[in-house]
>>> print(open('structure38.tsv').read())   # TSV, C-alpha atoms
chain	number	residue	atom	x	y	z
A	1	MET	CA	-31.44	37.52	26.17
A	2	PRO	CA	-28.55	37.25	28.62
A	3	PRO	CA	-25.67	35.00	27.54
A	4	ALA	CA	-25.93	31.40	28.75
A	5	ARG	CA	-23.99	31.01	31.98
A	6	THR	CA	-21.79	28.09	32.75
A	7	ALA	CA	-22.11	26.08	35.93
A	8	ARG	CA	-18.85	27.70	37.04
A	9	ASN	CA	-20.30	31.21	36.69
A	10	VAL	CA	-23.42	30.20	38.58
A	11	PHE	CA	-21.31	28.67	41.31
A	12	MET	CA	-19.03	31.69	41.74
A	13	ASP	CA	-22.03	34.03	41.77
A	14	GLY	CA	-23.69	32.11	44.58
A	15	LEU	CA	-20.50	31.76	46.54
A	16	TRP	CA	-19.04	35.24	46.13
A	17	HIS	CA	-20.30	37.82	43.58
A	18	GLU	CA	-23.95	37.46	44.59
A	19	ASN	CA	-23.33	35.99	48.05
A	20	PRO	CA	-26.65	35.55	49.87
A	21	ILE	CA	-25.41	37.14	53.07
A	22	PHE	CA	-23.35	40.16	52.08
A	23	ARG	CA	-24.79	40.93	48.62
A	24	GLN	CA	-28.41	39.78	48.76
A	25	VAL	CA	-28.65	40.18	52.55
A	26	LEU	CA	-30.93	37.14	52.90
A	27	GLY	CA	-31.07	34.60	55.70
A	28	ILE	CA	-29.86	37.07	58.29
A	29	CYS	CA	-32.15	35.79	61.04
A	30	SER	CA	-30.53	32.37	61.18
A	31	THR	CA	-27.09	33.97	60.86
A	32	LEU	CA	-27.79	35.74	64.12
A	33	ALA	CA	-29.43	32.76	65.83
A	34	VAL	CA	-27.19	29.76	65.23
A	35	THR	CA	-23.67	31.18	65.15
A	36	ASN	CA	-22.82	31.11	68.85
A	37	LEU	CA	-21.56	27.53	68.62
A	38	LEU	CA	-19.65	26.10	65.66
A	39	LYS	CA	-21.33	22.69	65.90
A	40	ASN	CA	-24.83	24.13	65.54
A	41	THR	CA	-23.63	26.21	62.62
A	42	LEU	CA	-22.14	23.26	60.74
A	43	VAL	CA	-25.32	21.19	61.00
A	44	MET	CA	-27.44	24.19	60.03
A	45	VAL	CA	-25.24	24.86	56.98
A	46	ALA	CA	-25.32	21.22	55.87
A	47	GLY	CA	-29.10	21.19	56.26
A	48	LEU	CA	-29.48	24.41	54.32
A	49	ILE	CA	-27.29	23.22	51.42
A	50	PHE	CA	-29.34	20.02	51.24
A	51	ALA	CA	-32.68	21.81	51.33
A	52	ALA	CA	-31.64	24.63	48.97
A	53	ALA	CA	-30.14	22.35	46.30
A	54	LEU	CA	-32.99	19.84	46.22
A	55	SER	CA	-35.83	22.31	46.40
A	56	ASN	CA	-34.14	24.30	43.61
A	57	VAL	CA	-33.98	21.18	41.41
A	58	THR	CA	-37.56	20.19	42.15
A	59	PHE	CA	-39.04	23.61	41.51
A	60	SER	CA	-36.95	24.00	38.38
A	61	ALA	CA	-38.29	20.70	37.04
A	62	LEU	CA	-41.84	21.88	37.68
A	63	ARG	CA	-41.29	25.46	36.47
A	64	THR	CA	-42.90	25.15	33.02
A	65	MET	CA	-45.96	23.38	34.42
A	66	THR	CA	-46.55	25.48	37.52
A	67	PRO	CA	-49.24	28.15	37.01
A	68	ARG	CA	-47.72	31.54	37.88
A	69	ARG	CA	-50.36	32.55	40.37
A	70	ILE	CA	-49.77	29.57	42.66
A	71	ARG	CA	-45.99	29.36	42.34
A	72	ILE	CA	-45.37	30.68	45.87
A	73	MET	CA	-47.62	27.98	47.32
A	74	VAL	CA	-45.75	25.33	45.39
A	75	GLN	CA	-42.40	26.77	46.54
A	76	VAL	CA	-43.40	26.72	50.18
A	77	LEU	CA	-44.68	23.16	49.83
A	78	ILE	CA	-41.45	21.92	48.23
A	79	ILE	CA	-39.26	23.62	50.85
A	80	SER	CA	-41.32	22.28	53.77
A	81	PHE	CA	-41.23	18.82	52.22
A	82	TYR	CA	-37.43	18.64	52.16
A	83	VAL	CA	-37.00	20.20	55.57
A	84	ILE	CA	-39.47	17.77	57.17
A	85	ILE	CA	-37.64	14.83	55.53
A	86	LEU	CA	-34.34	16.21	56.83
A	87	HIS	CA	-35.81	16.57	60.31
A	88	LEU	CA	-37.07	12.96	60.30
A	89	VAL	CA	-33.73	11.59	59.10
A	90	LEU	CA	-31.86	13.53	61.79
A	91	GLN	CA	-34.24	12.23	64.47
A	92	ALA	CA	-33.78	8.66	63.28
A	93	TYR	CA	-30.03	8.56	62.70
A	94	LEU	CA	-28.47	11.46	64.65
A	95	PRO	CA	-30.80	11.73	67.68
A	96	ASP	CA	-28.35	13.60	69.89
A	97	ILE	CA	-27.64	16.33	67.34
A	98	SER	CA	-31.32	16.52	66.45
A	99	ARG	CA	-32.11	17.03	70.13
A	100	ASP	CA	-29.52	19.79	70.49
A	101	LEU	CA	-30.75	21.60	67.40
A	102	GLY	CA	-34.46	20.85	67.74
A	103	PRO	CA	-36.08	24.12	66.72
A	104	TYR	CA	-33.42	25.28	64.26
A	105	VAL	CA	-33.83	22.53	61.66
A	106	GLY	CA	-37.51	23.33	61.30
A	107	LEU	CA	-36.60	26.99	60.94
A	108	ILE	CA	-34.75	26.26	57.67
A	109	ILE	CA	-38.26	26.44	56.15
A	110	THR	CA	-38.40	30.13	56.94
A	111	ASN	CA	-34.89	30.87	55.69
A	112	CYS	CA	-35.38	33.53	53.02
A	113	ILE	CA	-32.46	32.24	50.94
A	114	LEU	CA	-34.50	29.21	49.91
A	115	MET	CA	-37.55	31.05	48.64
A	116	GLY	CA	-35.37	33.82	47.30
A	117	ARG	CA	-33.40	31.41	45.11
A	118	LEU	CA	-36.48	29.48	43.97
A	119	GLU	CA	-38.08	32.75	42.88
A	120	ALA	CA	-34.98	34.39	41.43
A	121	PHE	CA	-33.17	31.43	39.88
A	122	ALA	CA	-34.86	28.03	39.78
A	123	GLY	CA	-38.05	29.50	38.30
A	124	SER	CA	-36.18	30.52	35.14
A	125	HIS	CA	-33.36	27.96	34.81
A	126	SER	CA	-33.13	24.23	34.10
A	127	PRO	CA	-32.53	21.71	36.91
A	128	TRP	CA	-28.72	21.33	36.68
A	129	PRO	CA	-27.80	25.03	36.96
A	130	SER	CA	-30.48	25.31	39.66
A	131	PHE	CA	-28.82	22.53	41.63
A	132	VAL	CA	-25.45	24.28	41.31
A	133	ASP	CA	-27.04	27.55	42.36
A	134	GLY	CA	-28.58	25.92	45.44
A	135	VAL	CA	-25.30	24.36	46.51
A	136	ALA	CA	-23.34	27.56	45.81
A	137	CYS	CA	-25.74	29.79	47.72
A	138	GLY	CA	-25.76	27.31	50.60
A	139	MET	CA	-21.96	27.39	50.65
A	140	GLY	CA	-21.82	31.15	50.28
A	141	TYR	CA	-24.14	31.37	53.27
A	142	GLY	CA	-22.12	28.67	55.00
A	143	PHE	CA	-18.67	30.18	54.87
A	144	ILE	CA	-19.83	33.50	56.30
A	145	LEU	CA	-21.71	31.68	59.08
A	146	ILE	CA	-18.73	29.50	59.90
A	147	ALA	CA	-16.44	32.53	60.04
A	148	ILE	CA	-18.85	34.30	62.41
A	149	ALA	CA	-19.31	31.15	64.50
A	150	ILE	CA	-15.55	30.63	64.90
A	151	ALA	CA	-15.09	34.21	66.06
A	152	ARG	CA	-18.07	34.06	68.43
A	153	GLU	CA	-17.34	30.67	69.99
A	154	LEU	CA	-13.65	31.53	70.44
A	155	ALA	CA	-14.34	34.90	72.01
A	156	GLY	CA	-17.41	33.89	73.98
A	157	PHE	CA	-16.47	30.46	75.28
A	158	GLY	CA	-12.75	30.11	74.49
A	159	THR	CA	-13.58	26.85	72.72
A	160	LEU	CA	-14.00	25.49	69.18
A	161	LEU	CA	-16.48	22.63	68.63
A	162	GLY	CA	-16.57	22.40	72.42
A	163	ILE	CA	-12.81	21.81	72.71
A	164	GLU	CA	-10.90	24.21	74.96
A	165	VAL	CA	-8.62	26.34	72.75
A	166	MET	CA	-7.85	29.58	74.54
A	167	GLY	CA	-6.85	28.17	77.92
A	168	ALA	CA	-7.69	29.33	81.42
A	169	TRP	CA	-6.27	32.86	81.04
A	170	TRP	CA	-8.97	33.79	78.54
A	171	THR	CA	-11.78	35.91	79.97
A	172	ARG	CA	-15.02	34.82	78.37
A	173	TRP	CA	-16.51	37.62	76.33
A	174	THR	CA	-20.16	37.00	77.08
A	175	LEU	CA	-21.39	39.71	74.73
A	176	MET	CA	-20.17	37.62	71.79
A	177	ILE	CA	-22.53	34.75	72.53
A	178	MET	CA	-25.48	37.08	72.96
A	179	PRO	CA	-27.49	38.06	69.85
A	180	ALA	CA	-25.84	41.50	69.89
A	181	GLY	CA	-22.45	39.88	69.32
A	182	ALA	CA	-23.80	38.32	66.14
A	183	PHE	CA	-24.89	41.73	64.87
A	184	PHE	CA	-21.41	43.16	65.36
A	185	MET	CA	-19.71	40.19	63.71
A	186	LEU	CA	-22.15	40.19	60.81
A	187	GLY	CA	-21.52	43.89	60.26
A	188	VAL	CA	-17.78	43.35	60.28
A	189	CYS	CA	-18.09	40.42	57.83
A	190	VAL	CA	-20.26	42.37	55.38
A	191	TRP	CA	-17.82	45.28	55.58
A	192	VAL	CA	-14.72	43.15	54.96
A	193	CYS	CA	-16.27	41.13	52.13
A	194	ARG	CA	-17.68	44.17	50.35
A	195	TYR	CA	-14.33	45.93	50.71
A	196	LEU	CA	-12.56	42.95	49.11
A	197	GLN	CA	-15.13	42.91	46.31
A	198	SER	CA	-14.92	46.61	45.53
A	199	GLY	CA	-11.13	46.38	45.42
A	200	LYS	CA	-11.29	43.70	42.74
A	201	GLU	CA	-13.93	45.47	40.67
A	202	SER	CA	-12.07	48.76	40.41
A	203	ALA	CA	-8.74	47.06	39.67
B	1	MET	CA	-61.89	28.39	33.09
B	2	LYS	CA	-59.71	25.53	31.89
B	3	ASN	CA	-56.71	27.29	33.40
B	4	ARG	CA	-58.38	27.59	36.76
B	5	VAL	CA	-59.28	23.93	36.86
B	6	PHE	CA	-55.70	23.05	35.96
B	7	THR	CA	-54.37	25.34	38.69
B	8	VAL	CA	-56.49	23.62	41.33
B	9	VAL	CA	-55.75	20.12	40.07
B	10	PHE	CA	-52.02	20.88	39.87
B	11	MET	CA	-51.88	22.15	43.45
B	12	ILE	CA	-53.83	19.14	44.71
B	13	MET	CA	-51.55	16.77	42.82
B	14	VAL	CA	-48.33	18.36	44.10
B	15	THR	CA	-49.66	18.39	47.64
B	16	ALA	CA	-50.80	14.78	47.41
B	17	ILE	CA	-47.41	13.60	46.13
B	18	ALA	CA	-45.48	15.50	48.81
B	19	ALA	CA	-47.84	14.31	51.55
B	20	THR	CA	-47.58	10.69	50.41
B	21	LEU	CA	-43.78	10.75	50.36
B	22	MET	CA	-43.62	12.45	53.76
B	23	THR	CA	-46.03	9.96	55.28
B	24	GLY	CA	-43.98	7.13	53.81
B	25	ALA	CA	-40.78	8.49	55.32
B	26	LYS	CA	-42.48	9.02	58.66
B	27	VAL	CA	-43.88	5.45	58.72
B	28	MET	CA	-40.49	4.01	57.73
B	29	LEU	CA	-38.55	5.93	60.35
B	30	GLN	CA	-41.16	5.97	63.12
B	31	GLY	CA	-39.97	2.80	64.84
B	32	ARG	CA	-36.40	3.98	64.91
B	33	ILE	CA	-37.34	7.42	66.19
B	34	ALA	CA	-39.49	5.95	68.99
B	35	LEU	CA	-36.63	3.64	69.97
B	36	ASN	CA	-34.20	6.57	70.06
B	37	GLU	CA	-36.63	8.53	72.20
B	38	SER	CA	-37.08	5.82	74.81
B	39	LEU	CA	-33.35	5.09	74.87
B	40	LEU	CA	-32.63	8.78	75.47
B	41	GLU	CA	-35.23	8.95	78.26
B	42	HIS	CA	-34.03	5.81	80.01
B	43	ARG	CA	-30.41	6.87	79.66
B	44	ALA	CA	-31.27	10.31	81.05
B	45	ARG	CA	-32.90	8.64	84.08
B	46	LEU	CA	-29.79	6.58	84.77
B	47	TYR	CA	-27.64	9.74	84.55
B	48	GLY	CA	-30.08	11.53	86.86
B	49	LEU	CA	-29.89	8.75	89.45
B	50	GLY	CA	-26.11	8.76	89.40
B	51	LEU	CA	-25.94	5.18	88.08
B	52	LEU	CA	-24.04	6.30	84.98
B	53	SER	CA	-21.36	8.95	84.64
B	54	HIS	CA	-22.10	11.65	82.07
B	55	GLU	CA	-19.23	10.54	79.85
B	56	SER	CA	-20.45	6.97	79.36
B	57	GLN	CA	-22.42	6.26	76.20
B	58	PRO	CA	-24.06	2.87	76.84
B	59	THR	CA	-25.88	0.89	74.15
B	60	ALA	CA	-29.64	0.38	74.21
B	61	ALA	CA	-29.24	-3.15	75.61
B	62	GLU	CA	-26.97	-1.99	78.45
B	63	VAL	CA	-29.37	0.79	79.39
B	64	ASP	CA	-32.27	-1.66	79.48
B	65	GLU	CA	-30.33	-4.12	81.60
B	66	ILE	CA	-29.25	-1.58	84.22
B	67	PHE	CA	-32.75	-0.17	84.32
B	68	GLN	CA	-34.32	-3.62	84.84
B	69	GLN	CA	-31.90	-4.73	87.53
B	70	GLN	CA	-31.08	-1.64	89.53
B	71	VAL	CA	-34.03	0.72	89.28
B	72	LYS	CA	-37.47	0.48	90.86
B	73	VAL	CA	-40.20	2.91	89.85
B	74	LYS	CA	-42.79	3.95	92.43
B	75	LYS	CA	-45.77	6.21	92.01
B	76	GLN	CA	-46.54	8.03	95.21
B	77	ALA	CA	-48.88	10.96	95.83
B	78	ASP	CA	-48.88	12.04	92.14
B	79	GLN	CA	-45.09	11.91	92.00
B	80	VAL	CA	-42.94	9.44	90.12
B	81	LEU	CA	-40.04	8.25	92.25
B	82	TYR	CA	-37.07	6.17	91.14
B	83	TYR	CA	-35.13	4.06	93.63
B	84	ALA	CA	-31.65	3.16	92.42
B	85	TYR	CA	-29.85	0.18	93.95
B	86	ALA	CA	-26.27	-1.06	93.76
B	87	GLU	CA	-25.50	-4.07	91.58
B	88	ASP	CA	-26.48	-6.46	94.41
B	89	GLY	CA	-30.03	-5.12	94.00
B	90	GLU	CA	-30.41	-4.33	97.72
B	91	THR	CA	-28.18	-1.44	98.82
B	92	LEU	CA	-30.06	1.79	98.16
B	93	LEU	CA	-27.86	4.30	96.33
B	94	SER	CA	-30.20	7.14	95.53
B	95	VAL	CA	-33.81	8.24	95.30
B	96	GLY	CA	-34.80	10.38	92.33
B	97	ILE	CA	-37.87	12.37	91.47
B	98	GLU	CA	-39.13	13.18	88.02
B	99	PHE	CA	-39.76	16.92	87.71
B	100	GLU	CA	-41.25	19.17	85.09
B	101	GLY	CA	-41.66	22.93	85.00
B	102	PRO	CA	-41.76	25.89	82.62
B	103	GLY	CA	-38.39	26.98	81.19
B	104	TYR	CA	-37.79	29.99	78.94
B	105	TRP	CA	-39.08	28.45	75.69
B	106	GLY	CA	-40.86	25.33	76.89
B	107	PRO	CA	-41.11	22.75	79.64
B	108	ILE	CA	-37.92	21.48	81.28
B	109	ARG	CA	-38.19	17.84	82.33
B	110	GLY	CA	-35.65	15.81	84.20
B	111	ILE	CA	-34.59	13.74	87.16
B	112	LEU	CA	-33.09	14.99	90.39
B	113	SER	CA	-31.85	12.48	92.97
B	114	MET	CA	-30.62	12.52	96.56
B	115	ASP	CA	-28.27	9.95	98.03
B	116	ALA	CA	-29.51	7.31	100.48
B	117	SER	CA	-28.92	9.58	103.52
B	118	GLN	CA	-31.38	12.07	101.96
B	119	GLU	CA	-29.01	14.92	102.75
B	120	ASP	CA	-26.99	15.53	99.60
B	121	ILE	CA	-27.85	15.69	95.92
B	122	LYS	CA	-26.68	12.59	94.08
B	123	ALA	CA	-27.15	13.72	90.48
B	124	LEU	CA	-29.21	15.83	88.11
B	125	TYR	CA	-30.07	15.27	84.47
B	126	PHE	CA	-32.54	16.67	81.97
B	127	VAL	CA	-34.76	14.42	79.92
B	128	ALA	CA	-36.09	17.19	77.70
B	129	HIS	CA	-35.82	20.96	77.36
B	130	GLN	CA	-36.15	23.59	74.66
B	131	GLU	CA	-33.77	26.26	75.94
B	132	THR	CA	-31.71	28.28	73.44
B	133	PRO	CA	-28.74	26.22	72.22
B	134	GLY	CA	-25.52	27.85	73.39
B	135	LEU	CA	-27.22	30.00	76.05
B	136	GLY	CA	-29.92	28.37	78.22
B	137	GLY	CA	-29.10	25.11	76.47
B	138	ARG	CA	-25.83	25.05	78.38
B	139	ILE	CA	-27.76	23.61	81.36
B	140	THR	CA	-26.92	20.23	79.83
B	141	GLU	CA	-23.16	20.80	79.91
B	142	PRO	CA	-21.20	18.47	82.23
B	143	TRP	CA	-19.78	21.30	84.41
B	144	PHE	CA	-23.24	22.64	85.08
B	145	LEU	CA	-24.88	19.28	85.86
B	146	GLY	CA	-21.85	17.99	87.74
B	147	GLN	CA	-21.75	20.88	90.22
B	148	PHE	CA	-25.03	19.73	91.81
B	149	THR	CA	-23.60	16.43	93.02
B	150	GLY	CA	-22.81	16.57	96.74
B	151	LYS	CA	-24.71	19.81	97.43
B	152	SER	CA	-26.25	19.75	100.87
B	153	VAL	CA	-30.05	19.95	100.64
B	154	SER	CA	-31.28	18.33	103.85
B	155	SER	CA	-33.39	21.33	104.84
B	156	PRO	CA	-34.47	24.65	103.27
B	157	ASP	CA	-32.94	27.98	104.31
B	158	ALA	CA	-34.90	30.83	105.96
B	159	GLU	CA	-36.47	31.76	102.62
B	160	GLY	CA	-37.58	28.22	101.86
B	161	ARG	CA	-34.85	27.54	99.28
B	162	TYR	CA	-32.85	24.34	99.17
B	163	LEU	CA	-30.52	25.52	96.40
B	164	VAL	CA	-29.20	29.04	95.90
B	165	PHE	CA	-27.88	30.20	92.54
B	166	VAL	CA	-24.88	32.53	92.33
B	167	PRO	CA	-23.45	34.13	89.13
B	168	GLU	CA	-21.48	31.92	86.75
B	169	ASP	CA	-18.06	33.40	87.55
B	170	ALA	CA	-18.67	33.72	91.32
B	171	GLU	CA	-17.29	31.25	93.82
B	172	ALA	CA	-19.92	28.89	95.27
B	173	THR	CA	-18.90	29.17	98.94
B	174	GLU	CA	-21.90	27.71	100.77
B	175	PRO	CA	-22.68	23.97	100.55
B	176	ASN	CA	-26.04	24.72	98.92
B	177	GLN	CA	-24.82	27.20	96.28
B	178	VAL	CA	-24.53	26.45	92.57
B	179	ASN	CA	-23.44	28.62	89.65
B	180	ALA	CA	-26.07	29.98	87.26
B	181	ILE	CA	-25.39	30.53	83.56
B	182	SER	CA	-24.46	34.02	82.42
B	183	GLY	CA	-26.42	35.18	79.41
B	184	ALA	CA	-29.29	32.88	80.35
B	185	THR	CA	-30.87	34.63	83.32
B	186	ARG	CA	-34.42	33.57	82.51
B	187	THR	CA	-33.46	29.92	82.15
B	188	SER	CA	-31.45	30.04	85.38
B	189	ASP	CA	-34.36	31.66	87.25
B	190	SER	CA	-36.82	29.06	85.96
B	191	LEU	CA	-34.48	26.25	86.84
B	192	LYS	CA	-34.00	27.62	90.34
B	193	ARG	CA	-37.77	27.49	90.87
B	194	ILE	CA	-38.17	24.05	89.27
B	195	LEU	CA	-35.35	22.41	91.22
B	196	ASN	CA	-36.34	23.89	94.57
B	197	GLN	CA	-39.90	22.69	93.96
B	198	ALA	CA	-38.59	19.22	93.03
B	199	LEU	CA	-36.52	19.04	96.23
B	200	HIS	CA	-39.50	20.22	98.25
B	201	ASP	CA	-41.69	17.50	96.67
B	202	LEU	CA	-39.06	14.82	97.12
B	203	HIS	CA	-38.63	15.62	100.84
B	204	ASP	CA	-42.41	15.69	101.22
B	205	VAL	CA	-42.96	12.28	99.69
B	206	LEU	CA	-40.07	10.68	101.59
B	207	ASN	CA	-41.26	12.16	104.91
B	208	GLN	CA	-44.77	10.81	104.37
B	209	GLU	CA	-43.24	7.46	103.75
B	210	SER	CA	-41.14	7.26	106.90
>>> encode(input="structure38.tsv", output="C-alpha cells")
Amino acid sequence: MPPARTARNVFMDGLWHENPIFRQVLGICSTLAVTNLLKNTLVMVAGLIFAAALSNVTFSALRTMTPRRIRIMVQVLIISFYVIILHLVLQAYLPDISRDLGPYVGLIITNCILMGRLEAFAGSHSPWPSFVDGVACGMGYGFILIAIAIARELAGFGTLLGIEVMGAWWTRWTLMIMPAGAFFMLGVCVWVCRYLQSGKESA
Amino acid sequence: MKNRVFTVVFMIMVTAIAATLMTGAKVMLQGRIALNESLLEHRARLYGLGLLSHESQPTAAEVDEIFQQQVKVKKQADQVLYYAYAEDGETLLSVGIEFEGPGYWGPIRGILSMDASQEDIKALYFVAHQETPGLGGRITEPWFLGQFTGKSVSSPDAEGRYLVFVPEDAEATEPNQVNAISGATRTSDSLKRILNQALHDLHDVLNQES
C-alpha cells in the first residue's frame, strides 16, 4: 500500500509534479480554444476549478456505494450537474460574461481533466484529499492557460484584459490569436516546464 | 441478481437527485435569467438605434423608460421596424430594422438603423450571435460597431452592395467601406451578406411606405 499522502503532497502533485497539462496532457482542447483572450481564460479556469473540486468531492463520497460497472455514467452525471448549475448561475448573475462565453462553459463537461481526476483520484480517495486534488489540478491547468493567454493576447492584440498595453507601434501578430498560435505556445510551455522539472529531479 | 437490481436502483436514484436539484435551481433562477435576457435585448435595440452610446450601461428601469417614450415598433411586410424619436417624442432620429442571418456558428441577430434622411447608417448593434470569442466574436467590439455610423448607404453600387468590406488593416477610403476582421473571414463574409440584405430590406419597406 502506498504511504498516506498529505494534502500538501496532493496539492503540489496537481499543481506541478503531475500537472494536468504538461505531465498528464489532459484538457488540451480547451487550452487551445479559450486562450486567445485573458478574460475568457480566467472565467474558464474559475469554472473548471469549481466543477473539478465539487465533482471530485461528490464522486469520492459515493465511491464505496457506486457499482464499478456504472461508475462512468455516474461520473458524467455528476460533472454535467455541476456545469449546468454553474451555467445557470452565470446566466442569472453575470449575464454579460455568460453571453461572451456562451459555448465554452458548457464545454467544461467535456474537459478530460474532470473525468480523468474522478477516475484516477476521487474513486480511490476520501472527500477531503479529493477536494484538494480537484482544486490543485484546476490551478495547475489554470496557470499554464493564463501564461499562454497572456502571451497570445499581448502578441495578437497588444492588449491585456482588453486594455491597450503595447501601444500603437505594435504590429498585431494575427497568427497568435489563431488556433495555430495556441499550438506553438502550448508546445513552448510544455517544453519549458518539463525542462524545469527534469533539472530539479536530476539535481 | 441482487447486484443488478442495486445497480439500476442506484443509477435511478442518483439521476433523480441530480435532476431534482437542477430543476430547482432552474426554477429559482428562471425569472432572473428571463429578466436579464429582455434587458439585454432592449438595451441592444437602443444601441442599434443610436439612442444610447456603447459605453453607457443603463439600468433596467432606464432602458424601459427610453424604450417606452422614444421608440415605436411597427410591423410592415414581414419586417420589424423601430422608429426612434428625440426626447420630445416627435423629431424622428433614426429608423432601424431587425435582421437575422446565418453566421459562422449560428444565427446573427441585431438591429441596423439609418438616420432620418435615410442616407447614412445611424448605428449597428447585435442582439445575439455565437461567433468564436476573440475572433468572429470581435464583431461586438466598439471600434467595429462604431465604424458603421455615418457610412453612406443611400443606394447600392453596381454590384448591388450597399456596404463594402475591406481588410482590417486597410484604409476605408470610400464612404461605403468598412473594415472586416482579420482571422474571421467567414464571419466577415456572412456579416457582409446579412447587412447588405438588411439595408436592401430597409430601403424596400421605406420606399413602399412613401
>>> residues_around(input="structure38.tsv", residues="Phe165 (chain B)", least_positions_apart="5", cutoff="6 Å", atoms="all atoms listed in the file", output="list in words")
Gln177, Val178, Asn179 and Ala180 of chain B
>>> interface_residues(input="structure38.tsv", of="chain A", to="chain B", cutoff="7 Å", atoms="only C-alpha atoms", output="PyMOL selection string")
chain A and resi 36-37+67+81+85+88+91-92+95+100-101+174+178
>>> atom_distance(input="structure38.tsv", atom1="CA of Tyr93 (chain A)", atom2="CA of Ala46 (chain A)")
15.1 Å
>>> residues_around(input="structure38.tsv", residues="Glu100 (chain B)", least_positions_apart="6", cutoff="10 Å", atoms="all atoms listed in the file", output="list of chain:residue names")
B:Pro107, B:Ile108, B:Arg109, B:Gly110, B:Ile111, B:Phe126, B:Val127, B:Ala128, B:His129, B:Leu191, B:Ile194, B:Leu195, B:Gln197, B:Ala198
>>> write_last_selection(input="structure38.tsv", atoms="C-alpha atoms", output="CSV table (one decimal), in the coordinates of the input")
chain,number,residue,atom,x,y,z
B,107,PRO,CA,-41.1,22.8,79.6
B,108,ILE,CA,-37.9,21.5,81.3
B,109,ARG,CA,-38.2,17.8,82.3
B,110,GLY,CA,-35.6,15.8,84.2
B,111,ILE,CA,-34.6,13.7,87.2
B,126,PHE,CA,-32.5,16.7,82.0
B,127,VAL,CA,-34.8,14.4,79.9
B,128,ALA,CA,-36.1,17.2,77.7
B,129,HIS,CA,-35.8,21.0,77.4
B,191,LEU,CA,-34.5,26.2,86.8
B,194,ILE,CA,-38.2,24.0,89.3
B,195,LEU,CA,-35.4,22.4,91.2
B,197,GLN,CA,-39.9,22.7,94.0
B,198,ALA,CA,-38.6,19.2,93.0
>>> atom_distance(input="structure38.tsv", atom1="CA of Met114 (chain B)", atom2="CA of Leu49 (chain B)")
8.1 Å
>>> residues_around(input="structure38.tsv", residues="Ala77 (chain B)", least_positions_apart="3", cutoff="12 Å", atoms="only C-alpha atoms", output="MDAnalysis selection string")
chainID B and resid 74 80:81 97 201:202 204:209
>>> atom_distance(input="structure38.tsv", atom1="CA of Gln68 (chain B)", atom2="CA of Glu55 (chain B)")
21.3 Å
